[in-house]
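Taking it in order: structure first as structure tokens, then the write-up.
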Amino acid sequence: MRANRAIWLVVMGVLAAGCGSANAEMSLAASATPPPPPPPAPVQPAAPAEAVIEGDRIKIARPIFYDLDKDEIRPESFSVLDAVANILRTHPEITALTVEGHTDNQGTVDHNIKLSERRANAVVRYLVQRGVTTPMTAPGYGAGAPVCFTNDEGCRAMNRRVEFRIKTK
């Protein structure tokens with residue numbers, strides 16, 4: 001009986017000591033000033049859209065890349081083409097798409113026309129795999145419609161491109 005009473009007194013003492021310190025902490029916390037709010041997060045500039053509709057075109061932010069003299073689309077172009085696919089899936093007013101393939105002036109006319117057509121068709125296949133049902137054509141123009149006319153690598157790179165023309169209701 002005496003042992004039970006001693007245990008009871010010890011438990012009560014521990015509880016009283018714990019409550020006292022909690023009350024002290026509570027009164028200290030109540031008298032302290034609250035911390036200042038965190039600074040606002042810096043405003044990040046919006047990332048440029050990978051693809052947007054501009055008039056009768058879908059304008060892409062970056063070129064579609066292929067290996068030299070190949071028609072296989074390189075992975076760094078997938079996000080751009082996914083953005084084009086998203087536009088086509090979400091804009092029912094687009095009734096047709098022409099995927100135009102262009103090359104630089106290196107190589108023969110016949111080779112460049114065939115290469116540009118194969119590359120444009122690779123883009124069409126990619127878009128179809130992403131659920132695009134819009135009717136599409138894929139002409140290849142080779143080097144016949146350059147956008148740059150000097151004979152340096154920077155200019156040739158600008159001429160190697162895919163363009164997207166849309167037809168709307």
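Quick note on naming: the chains in the structure tokens go A, B, ... in the order shown, residues restart at 1 in each chain, and ligands are numbered from 1 in order of appearance.
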Q | Selection: 6 Å around segment 48-59 of chain A, only C-alpha atoms, excl. self and same-chain fewer than 4 positions, as a ChimeraX atom specification | A | /A:80,83-84,164-166
**Q.** Per-residue DSSP, segment 38-154 of chain A, filtered to strand (DSSP E), as a PyMOL selection string
**A.** chain A and resi 51-54+57-60+94-102+136-137
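If you measure from each of A:Thr98, A:Leu115, A:Val147, A:Glu163 to Asp67 of chain A using only C-alpha atoms, the closest one turns out to be A:Leu115.
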(Q) To one decimal place in Å, what is the distance between atom CA of Asp82 of chain A and atom CA of Val99 of chain A? (A) 14.5 Å
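With atom CA of Gly101 of chain A on one side and atom CA of Arg118 of chain A on the other, the separation reads 8.1 Å.
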